Amino acid sequence: MIGKMEKIQKEYSLLEEAVKELQKNLQTTYLDALIETLENILDNNQVHVEDDKPDKKTVAKLKELYADSNIKNLEADEKRQVIQLLILKSYSEDKIQANHQMTPDSIGMIVSYLIELFADSKKVLTITDICVGTGNLLTDIYNNLDKQNKNIQAYGIDNDDTLLALASISTQFQKQNIELYHQDAIEELLIPKTDLVVGDLPVGYYPIDDKVSGYITKNNDGHSYAHYVLIEKSIRQLKENGRSIIRRFP
């Protein structure tokens, strides 16, 4: 019987090889090759070819690696951890900026525990991740609550289309009831108010002063702190008696 960590390591190694093959042939970033690799597997192991790239030899190699992959048959949280390891690898390969780094699992565990204390009596629990990024925090919370037989409807917001693409792929692999929206969280959200708002907030300045003119936490002179106005926005997004659990990165 193969243990959990052995399964995760085996899948990571296999998919990492596939990503490197695709990256080399397409002459692209590791992160872009990772996104395309995972999309190919979701598309029934079909290799996307455009302008004869990747070449036939690489396509054959990728199909062989995809056929050996068992990621679709893993448990939801095992899938999340495989994808998490591949994203972490992209950080070292592509030198990702600090604000794009994913939330560690330890934070997900703590937030999940706090949510369980609050949400014990909720029949349907609605959650917004105000800065969903790659989705690691939200999908980790989702899986932890799902083990407690919670009925969950979750939403993720982010203005970075690359990070949101990774979050979308991750939720599809894990078959989670999560809706993702590509928009600026400071603006009027396209989703209903929720019982909970979570987030791992970036540190920095929000560059568009006009958009935060109605926020209490805005600076009177110069740009406002993005994490301050996002904390205020998370409170505005709550239903009555809702809870906001926010971490500021780093």
# chains A, B, ... in the order shown; residues from 1 in each chain; ligands from 1

call {"tool": "residues_around", "arguments": {"residues": "A:Ile110", "least_positions_apart": "2", "cutoff": "12 Å", "atoms": "only C-alpha atoms", "output": "mmCIF file with all heavy atoms, in the first residue's frame"}}
result
data_model
loop_
_atom_site.group_PDB
_atom_site.id
_atom_site.type_symbol
_atom_site.label_atom_id
_atom_site.label_comp_id
_atom_site.auth_asym_id
_atom_site.auth_seq_id
_atom_site.Cartn_x
_atom_site.Cartn_y
_atom_site.Cartn_z
ATOM 1 N N THR A 103 -0.384 31.071 0.482
ATOM 2 C CA THR A 103 -0.552 30.939 1.922
ATOM 3 C C THR A 103 -0.148 29.542 2.366
ATOM 4 O O THR A 103 -0.600 28.551 1.801
ATOM 5 C CB THR A 103 -2.024 31.182 2.311
ATOM 6 O OG1 THR A 103 -2.458 32.421 1.746
ATOM 7 C CG2 THR A 103 -2.191 31.216 3.816
ATOM 8 N N PRO A 104 0.689 29.436 3.412
ATOM 9 C CA PRO A 104 1.106 28.106 3.880
ATOM 10 C C PRO A 104 -0.044 27.325 4.503
ATOM 11 O O PRO A 104 -1.015 27.899 5.008
ATOM 12 C CB PRO A 104 2.184 28.418 4.915
ATOM 13 C CG PRO A 104 1.932 29.826 5.336
ATOM 14 C CD PRO A 104 1.349 30.521 4.147
ATOM 15 N N ASP A 105 0.080 26.005 4.501
ATOM 16 C CA ASP A 105 -0.968 25.138 5.025
ATOM 17 C C ASP A 105 -1.248 25.379 6.505
ATOM 18 O O ASP A 105 -2.369 25.185 6.968
ATOM 19 C CB ASP A 105 -0.604 23.671 4.816
ATOM 20 C CG ASP A 105 -0.760 23.228 3.370
ATOM 21 O OD1 ASP A 105 -1.136 24.078 2.543
ATOM 22 O OD2 ASP A 105 -0.515 22.049 3.074
ATOM 23 N N SER A 106 -0.232 25.784 7.265
ATOM 24 C CA SER A 106 -0.426 26.025 8.696
ATOM 25 C C SER A 106 -1.477 27.108 8.939
ATOM 26 O O SER A 106 -2.298 26.998 9.860
ATOM 27 C CB SER A 106 0.896 26.420 9.357
ATOM 28 O OG SER A 106 1.447 27.565 8.730
ATOM 29 N N ILE A 107 -1.477 28.137 8.086
ATOM 30 C CA ILE A 107 -2.472 29.201 8.215
ATOM 31 C C ILE A 107 -3.853 28.667 7.854
ATOM 32 O O ILE A 107 -4.857 28.962 8.509
ATOM 33 C CB ILE A 107 -2.110 30.401 7.313
ATOM 34 C CG1 ILE A 107 -0.745 30.974 7.714
ATOM 35 C CG2 ILE A 107 -3.187 31.476 7.389
ATOM 36 C CD1 ILE A 107 -0.675 31.510 9.125
ATOM 37 N N GLY A 108 -3.917 27.833 6.812
ATOM 38 C CA GLY A 108 -5.194 27.230 6.417
ATOM 39 C C GLY A 108 -5.795 26.401 7.532
ATOM 40 O O GLY A 108 -7.012 26.418 7.763
ATOM 41 N N SER A 112 -9.279 27.318 9.344
ATOM 42 C CA SER A 112 -10.332 26.298 9.295
ATOM 43 C C SER A 112 -10.865 25.994 10.689
ATOM 44 O O SER A 112 -12.076 25.848 10.890
ATOM 45 C CB SER A 112 -9.797 25.015 8.656
ATOM 46 O OG SER A 112 -9.394 25.231 7.332
ATOM 47 N N TYR A 113 -9.962 25.903 11.664
ATOM 48 C CA TYR A 113 -10.373 25.635 13.045
ATOM 49 C C TYR A 113 -11.257 26.762 13.578
ATOM 50 O O TYR A 113 -12.306 26.516 14.194
ATOM 51 C CB TYR A 113 -9.143 25.471 13.934
ATOM 52 C CG TYR A 113 -9.466 25.390 15.403
ATOM 53 C CD1 TYR A 113 -10.083 24.254 15.953
ATOM 54 C CD2 TYR A 113 -9.170 26.450 16.260
ATOM 55 C CE1 TYR A 113 -10.389 24.185 17.300
ATOM 56 C CE2 TYR A 113 -9.474 26.390 17.606
ATOM 57 C CZ TYR A 113 -10.089 25.260 18.118
ATOM 58 O OH TYR A 113 -10.397 25.200 19.453
ATOM 59 N N LEU A 114 -10.870 28.016 13.320
ATOM 60 C CA LEU A 114 -11.665 29.152 13.780
ATOM 61 C C LEU A 114 -13.037 29.170 13.108
ATOM 62 O O LEU A 114 -14.053 29.478 13.746
ATOM 63 C CB LEU A 114 -10.912 30.458 13.491
ATOM 64 C CG LEU A 114 -9.603 30.666 14.265
ATOM 65 C CD1 LEU A 114 -8.888 31.911 13.762
ATOM 66 C CD2 LEU A 114 -9.883 30.780 15.757
ATOM 67 N N ILE A 115 -13.065 28.818 11.829
ATOM 68 C CA ILE A 115 -14.336 28.776 11.111
ATOM 69 C C ILE A 115 -15.250 27.696 11.686
ATOM 70 O O ILE A 115 -16.457 27.903 11.848
ATOM 71 C CB ILE A 115 -14.106 28.547 9.604
ATOM 72 C CG1 ILE A 115 -13.430 29.768 8.973
ATOM 73 C CG2 ILE A 115 -15.421 28.261 8.887
ATOM 74 C CD1 ILE A 115 -13.014 29.570 7.542
ATOM 75 N N GLU A 116 -14.692 26.546 12.002
ATOM 76 C CA GLU A 116 -15.491 25.457 12.567
ATOM 77 C C GLU A 116 -16.169 25.879 13.861
ATOM 78 O O GLU A 116 -17.320 25.517 14.132
ATOM 79 C CB GLU A 116 -14.613 24.232 12.816
ATOM 80 C CG GLU A 116 -14.215 23.491 11.543
ATOM 81 C CD GLU A 116 -13.229 22.379 11.822
ATOM 82 O OE1 GLU A 116 -13.284 21.814 12.932
ATOM 83 O OE2 GLU A 116 -12.407 22.081 10.940
ATOM 84 N N LEU A 117 -15.494 26.688 14.679
ATOM 85 C CA LEU A 117 -16.078 27.172 15.928
ATOM 86 C C LEU A 117 -17.277 28.072 15.658
ATOM 87 O O LEU A 117 -18.298 28.002 16.344
ATOM 88 C CB LEU A 117 -15.027 27.943 16.739
ATOM 89 C CG LEU A 117 -13.825 27.151 17.248
ATOM 90 C CD1 LEU A 117 -12.869 28.080 17.982
ATOM 91 C CD2 LEU A 117 -14.268 26.010 18.148
ATOM 92 N N LEU A 137 -5.262 28.879 0.031
ATOM 93 C CA LEU A 137 -5.944 29.085 1.312
ATOM 94 C C LEU A 137 -7.404 28.656 1.219
ATOM 95 O O LEU A 137 -7.889 27.890 2.062
ATOM 96 C CB LEU A 137 -5.857 30.557 1.734
ATOM 97 C CG LEU A 137 -6.658 30.928 2.989
ATOM 98 C CD1 LEU A 137 -6.153 30.168 4.209
ATOM 99 C CD2 LEU A 137 -6.601 32.436 3.244
ATOM 100 N N ASP A 140 -7.868 24.872 0.712
ATOM 101 C CA ASP A 140 -7.494 24.179 1.944
ATOM 102 C C ASP A 140 -8.632 24.262 2.960
ATOM 103 O O ASP A 140 -9.029 23.257 3.566
ATOM 104 C CB ASP A 140 -6.211 24.806 2.511
ATOM 105 C CG ASP A 140 -5.592 23.983 3.633
ATOM 106 O OD1 ASP A 140 -6.040 22.831 3.856
ATOM 107 O OD2 ASP A 140 -4.679 24.479 4.296
ATOM 108 N N ILE A 141 -9.174 25.462 3.155
ATOM 109 C CA ILE A 141 -10.318 25.647 4.054
ATOM 110 C C ILE A 141 -11.499 24.801 3.594
ATOM 111 O O ILE A 141 -12.156 24.124 4.390
ATOM 112 C CB ILE A 141 -10.717 27.137 4.106
ATOM 113 C CG1 ILE A 141 -9.625 27.960 4.798
ATOM 114 C CG2 ILE A 141 -12.058 27.323 4.811
ATOM 115 C CD1 ILE A 141 -9.806 29.455 4.657
ATOM 116 N N ASN A 144 -10.991 21.128 4.442
ATOM 117 C CA ASN A 144 -11.102 20.887 5.877
ATOM 118 C C ASN A 144 -12.556 20.920 6.338
ATOM 119 O O ASN A 144 -12.979 20.087 7.152
ATOM 120 C CB ASN A 144 -10.282 21.916 6.664
ATOM 121 C CG ASN A 144 -8.793 21.636 6.607
ATOM 122 O OD1 ASN A 144 -8.361 20.495 6.632
ATOM 123 N ND2 ASN A 144 -7.987 22.682 6.524
ATOM 124 N N VAL A 198 -12.331 35.587 4.191
ATOM 125 C CA VAL A 198 -10.957 35.241 4.535
ATOM 126 C C VAL A 198 -10.037 35.913 3.530
ATOM 127 O O VAL A 198 -10.470 36.364 2.467
ATOM 128 C CB VAL A 198 -10.736 33.708 4.533
ATOM 129 C CG1 VAL A 198 -11.640 33.039 5.551
ATOM 130 C CG2 VAL A 198 -10.967 33.120 3.141
ATOM 131 N N ILE A 245 -11.759 36.806 8.783
ATOM 132 C CA ILE A 245 -10.493 36.254 9.274
ATOM 133 C C ILE A 245 -9.426 36.559 8.233
ATOM 134 O O ILE A 245 -9.353 35.925 7.189
ATOM 135 C CB ILE A 245 -10.602 34.731 9.511
ATOM 136 C CG1 ILE A 245 -11.796 34.404 10.425
ATOM 137 C CG2 ILE A 245 -9.315 34.199 10.121
ATOM 138 C CD1 ILE A 245 -12.049 32.928 10.597
ATOM 139 N N ILE A 246 -8.623 37.566 8.543
ATOM 140 C CA ILE A 246 -7.686 38.102 7.575
ATOM 141 C C ILE A 246 -6.259 37.993 8.100
ATOM 142 O O ILE A 246 -5.980 38.235 9.272
ATOM 143 C CB ILE A 246 -7.996 39.599 7.285
ATOM 144 C CG1 ILE A 246 -9.410 39.751 6.698
ATOM 145 C CG2 ILE A 246 -6.956 40.205 6.380
ATOM 146 C CD1 ILE A 246 -9.582 39.155 5.333
ATOM 147 N N ARG A 247 -5.356 37.596 7.209
ATOM 148 C CA ARG A 247 -3.927 37.607 7.517
ATOM 149 C C ARG A 247 -3.253 38.589 6.574
ATOM 150 O O ARG A 247 -3.553 38.628 5.384
ATOM 151 C CB ARG A 247 -3.323 36.215 7.332
ATOM 152 C CG ARG A 247 -1.792 36.155 7.427
ATOM 153 C CD ARG A 247 -1.319 34.744 7.110
ATOM 154 N NE ARG A 247 0.119 34.591 7.274
ATOM 155 C CZ ARG A 247 0.994 34.494 6.282
ATOM 156 N NH1 ARG A 247 0.591 34.561 5.033
ATOM 157 N NH2 ARG A 247 2.278 34.326 6.521
#

call {"tool": "residues_around", "arguments": {"residues": "stretch 27-39 of chain A", "least_positions_apart": "4", "cutoff": "7 Å", "atoms": "only C-alpha atoms", "output": "list in words"}}
result
Val19, Leu22, Gln23, Asp43, Ser90, Glu93, Asp94, Leu166 and Ile169 of chain A

call {"tool": "select_by_dssp", "arguments": {"residues": "stretch 129-242 of chain A", "states": "helix (DSSP H, G or I)", "output": "ChimeraX atom specification"}}
result
/A:136-146,161-174,209-212,226-236

call {"tool": "write_last_selection", "arguments": {"atoms": "N, CA, C and O atoms", "output": "short mmCIF file (atom, residue, chain, number, x, y, z; two decimals), in the first residue's frame"}}
result
data_model
loop_
_atom_site.label_atom_id
_atom_site.label_comp_id
_atom_site.auth_asym_id
_atom_site.auth_seq_id
_atom_site.Cartn_x
_atom_site.Cartn_y
_atom_site.Cartn_z
N ASN A 136 -4.83 28.51 -2.77
CA ASN A 136 -4.39 27.50 -1.81
C ASN A 136 -5.10 27.64 -0.45
O ASN A 136 -5.50 26.66 0.16
N LEU A 137 -5.26 28.88 0.03
CA LEU A 137 -5.94 29.09 1.31
C LEU A 137 -7.40 28.66 1.22
O LEU A 137 -7.89 27.89 2.06
N LEU A 138 -8.11 29.13 0.20
CA LEU A 138 -9.54 28.83 0.09
C LEU A 138 -9.80 27.36 -0.13
O LEU A 138 -10.71 26.77 0.48
N THR A 139 -9.03 26.71 -0.99
CA THR A 139 -9.26 25.29 -1.25
C THR A 139 -8.88 24.43 -0.04
O THR A 139 -9.49 23.39 0.21
N ASP A 140 -7.87 24.87 0.71
CA ASP A 140 -7.49 24.18 1.94
C ASP A 140 -8.63 24.26 2.96
O ASP A 140 -9.03 23.26 3.57
N ILE A 141 -9.17 25.46 3.16
CA ILE A 141 -10.32 25.65 4.05
C ILE A 141 -11.50 24.80 3.59
O ILE A 141 -12.16 24.12 4.39
N TYR A 142 -11.77 24.84 2.29
CA TYR A 142 -12.90 24.08 1.73
C TYR A 142 -12.77 22.59 2.06
O TYR A 142 -13.73 21.96 2.51
N ASN A 143 -11.60 22.04 1.84
CA ASN A 143 -11.40 20.61 2.09
C ASN A 143 -11.53 20.27 3.57
O ASN A 143 -12.11 19.24 3.93
N ASN A 144 -10.99 21.13 4.44
CA ASN A 144 -11.10 20.89 5.88
C ASN A 144 -12.56 20.92 6.34
O ASN A 144 -12.98 20.09 7.15
N LEU A 145 -13.33 21.87 5.82
CA LEU A 145 -14.74 21.96 6.20
C LEU A 145 -15.57 20.85 5.57
O LEU A 145 -16.53 20.36 6.17
N ASP A 146 -15.19 20.46 4.37
CA ASP A 146 -15.90 19.37 3.69
C ASP A 146 -15.79 18.07 4.49
O ASP A 146 -16.73 17.27 4.52
N ASP A 161 -4.81 37.68 -13.47
CA ASP A 161 -5.41 36.61 -14.27
C ASP A 161 -4.57 35.33 -14.24
O ASP A 161 -5.13 34.23 -14.33
N THR A 162 -3.25 35.45 -14.08
CA THR A 162 -2.41 34.25 -14.01
C THR A 162 -2.68 33.46 -12.73
O THR A 162 -2.87 32.24 -12.76
N LEU A 163 -2.70 34.17 -11.61
CA LEU A 163 -2.99 33.51 -10.33
C LEU A 163 -4.40 32.92 -10.34
O LEU A 163 -4.63 31.82 -9.83
N LEU A 164 -5.33 33.65 -10.93
CA LEU A 164 -6.72 33.18 -10.97
C LEU A 164 -6.84 31.93 -11.85
O LEU A 164 -7.65 31.05 -11.58
N ALA A 165 -6.04 31.86 -12.91
CA ALA A 165 -6.03 30.66 -13.76
C ALA A 165 -5.60 29.44 -12.96
O ALA A 165 -6.18 28.36 -13.08
N LEU A 166 -4.57 29.61 -12.11
CA LEU A 166 -4.12 28.52 -11.26
C LEU A 166 -5.20 28.12 -10.25
O LEU A 166 -5.43 26.94 -10.01
N ALA A 167 -5.86 29.12 -9.67
CA ALA A 167 -6.94 28.83 -8.72
C ALA A 167 -8.07 28.07 -9.41
O ALA A 167 -8.62 27.11 -8.85
N SER A 168 -8.41 28.47 -10.62
CA SER A 168 -9.48 27.80 -11.36
C SER A 168 -9.13 26.34 -11.65
O SER A 168 -9.95 25.44 -11.48
N ILE A 169 -7.90 26.12 -12.09
CA ILE A 169 -7.44 24.75 -12.38
C ILE A 169 -7.50 23.90 -11.11
O ILE A 169 -7.98 22.76 -11.13
N SER A 170 -7.03 24.47 -9.99
CA SER A 170 -7.02 23.73 -8.73
C SER A 170 -8.43 23.35 -8.29
O SER A 170 -8.67 22.22 -7.87
N THR A 171 -9.36 24.28 -8.38
CA THR A 171 -10.74 23.98 -7.97
C THR A 171 -11.39 22.95 -8.88
O THR A 171 -12.19 22.14 -8.42
N GLN A 172 -11.04 22.98 -10.18
CA GLN A 172 -11.59 21.99 -11.10
C GLN A 172 -11.08 20.59 -10.78
O GLN A 172 -11.85 19.63 -10.78
N PHE A 173 -9.80 20.48 -10.49
CA PHE A 173 -9.24 19.18 -10.12
C PHE A 173 -9.91 18.65 -8.85
O PHE A 173 -10.20 17.46 -8.74
N GLN A 174 -10.15 19.55 -7.90
CA GLN A 174 -10.69 19.13 -6.61
C GLN A 174 -12.22 19.06 -6.59
O GLN A 174 -12.81 18.63 -5.60
N ASP A 209 -6.47 56.44 -6.30
CA ASP A 209 -7.04 57.15 -5.15
C ASP A 209 -8.55 57.34 -5.25
O ASP A 209 -9.26 57.27 -4.24
N ASP A 210 -9.07 57.59 -6.45
CA ASP A 210 -10.50 57.84 -6.61
C ASP A 210 -11.35 56.66 -6.15
O ASP A 210 -12.45 56.85 -5.61
N LYS A 211 -10.85 55.44 -6.34
CA LYS A 211 -11.65 54.26 -6.01
C LYS A 211 -11.81 54.05 -4.50
O LYS A 211 -12.71 53.33 -4.07
N VAL A 212 -10.93 54.63 -3.71
CA VAL A 212 -11.01 54.44 -2.26
C VAL A 212 -11.52 55.70 -1.54
O VAL A 212 -11.44 55.79 -0.31
N ALA A 226 -3.07 49.34 0.73
CA ALA A 226 -4.00 48.37 0.12
C ALA A 226 -4.58 47.43 1.16
O ALA A 226 -5.77 47.11 1.14
N HIS A 227 -3.74 46.98 2.13
CA HIS A 227 -4.23 46.03 3.11
C HIS A 227 -5.25 46.66 4.06
O HIS A 227 -6.16 45.98 4.53
N TYR A 228 -5.15 47.96 4.32
CA TYR A 228 -6.15 48.62 5.18
C TYR A 228 -7.51 48.66 4.50
O TYR A 228 -8.53 48.31 5.10
N VAL A 229 -7.53 49.11 3.24
CA VAL A 229 -8.82 49.23 2.56
C VAL A 229 -9.42 47.86 2.26
O VAL A 229 -10.64 47.69 2.23
N LEU A 230 -8.55 46.85 2.06
CA LEU A 230 -9.07 45.49 1.83
C LEU A 230 -9.67 44.91 3.11
O LEU A 230 -10.67 44.18 3.06
N ILE A 231 -9.10 45.23 4.27
CA ILE A 231 -9.71 44.81 5.53
C ILE A 231 -11.08 45.45 5.68
O ILE A 231 -12.07 44.80 6.06
N GLU A 232 -11.16 46.74 5.36
CA GLU A 232 -12.47 47.43 5.43
C GLU A 232 -13.45 46.80 4.43
O GLU A 232 -14.62 46.59 4.75
N LYS A 233 -12.96 46.48 3.24
CA LYS A 233 -13.84 45.88 2.24
C LYS A 233 -14.33 44.51 2.70
O LYS A 233 -15.49 44.13 2.47
N SER A 234 -13.48 43.75 3.38
CA SER A 234 -13.89 42.43 3.86
C SER A 234 -15.03 42.55 4.86
O SER A 234 -15.93 41.70 4.89
N ILE A 235 -15.00 43.59 5.68
CA ILE A 235 -16.08 43.81 6.65
C ILE A 235 -17.37 44.20 5.93
O ILE A 235 -18.46 43.74 6.29
N ARG A 236 -17.25 45.01 4.90
CA ARG A 236 -18.43 45.41 4.11
C ARG A 236 -19.08 44.21 3.39
O ARG A 236 -20.26 44.22 3.11
#

call {"tool": "select_by_dssp", "arguments": {"residues": "stretch 96-244 of chain A", "states": "strand (DSSP E)", "output": "NGL selection string"}}
result
:A and (124-129 or 151-158 or 178-182 or 194-201 or 205-206 or 224-225 or 238-244)

call {"tool": "closest_residue", "arguments": {"among": "A:Val59, A:Val197, A:Ile191, A:Asn151", "to": "A:Asn177", "atoms": "only C-alpha atoms"}}
result
A:Asn151
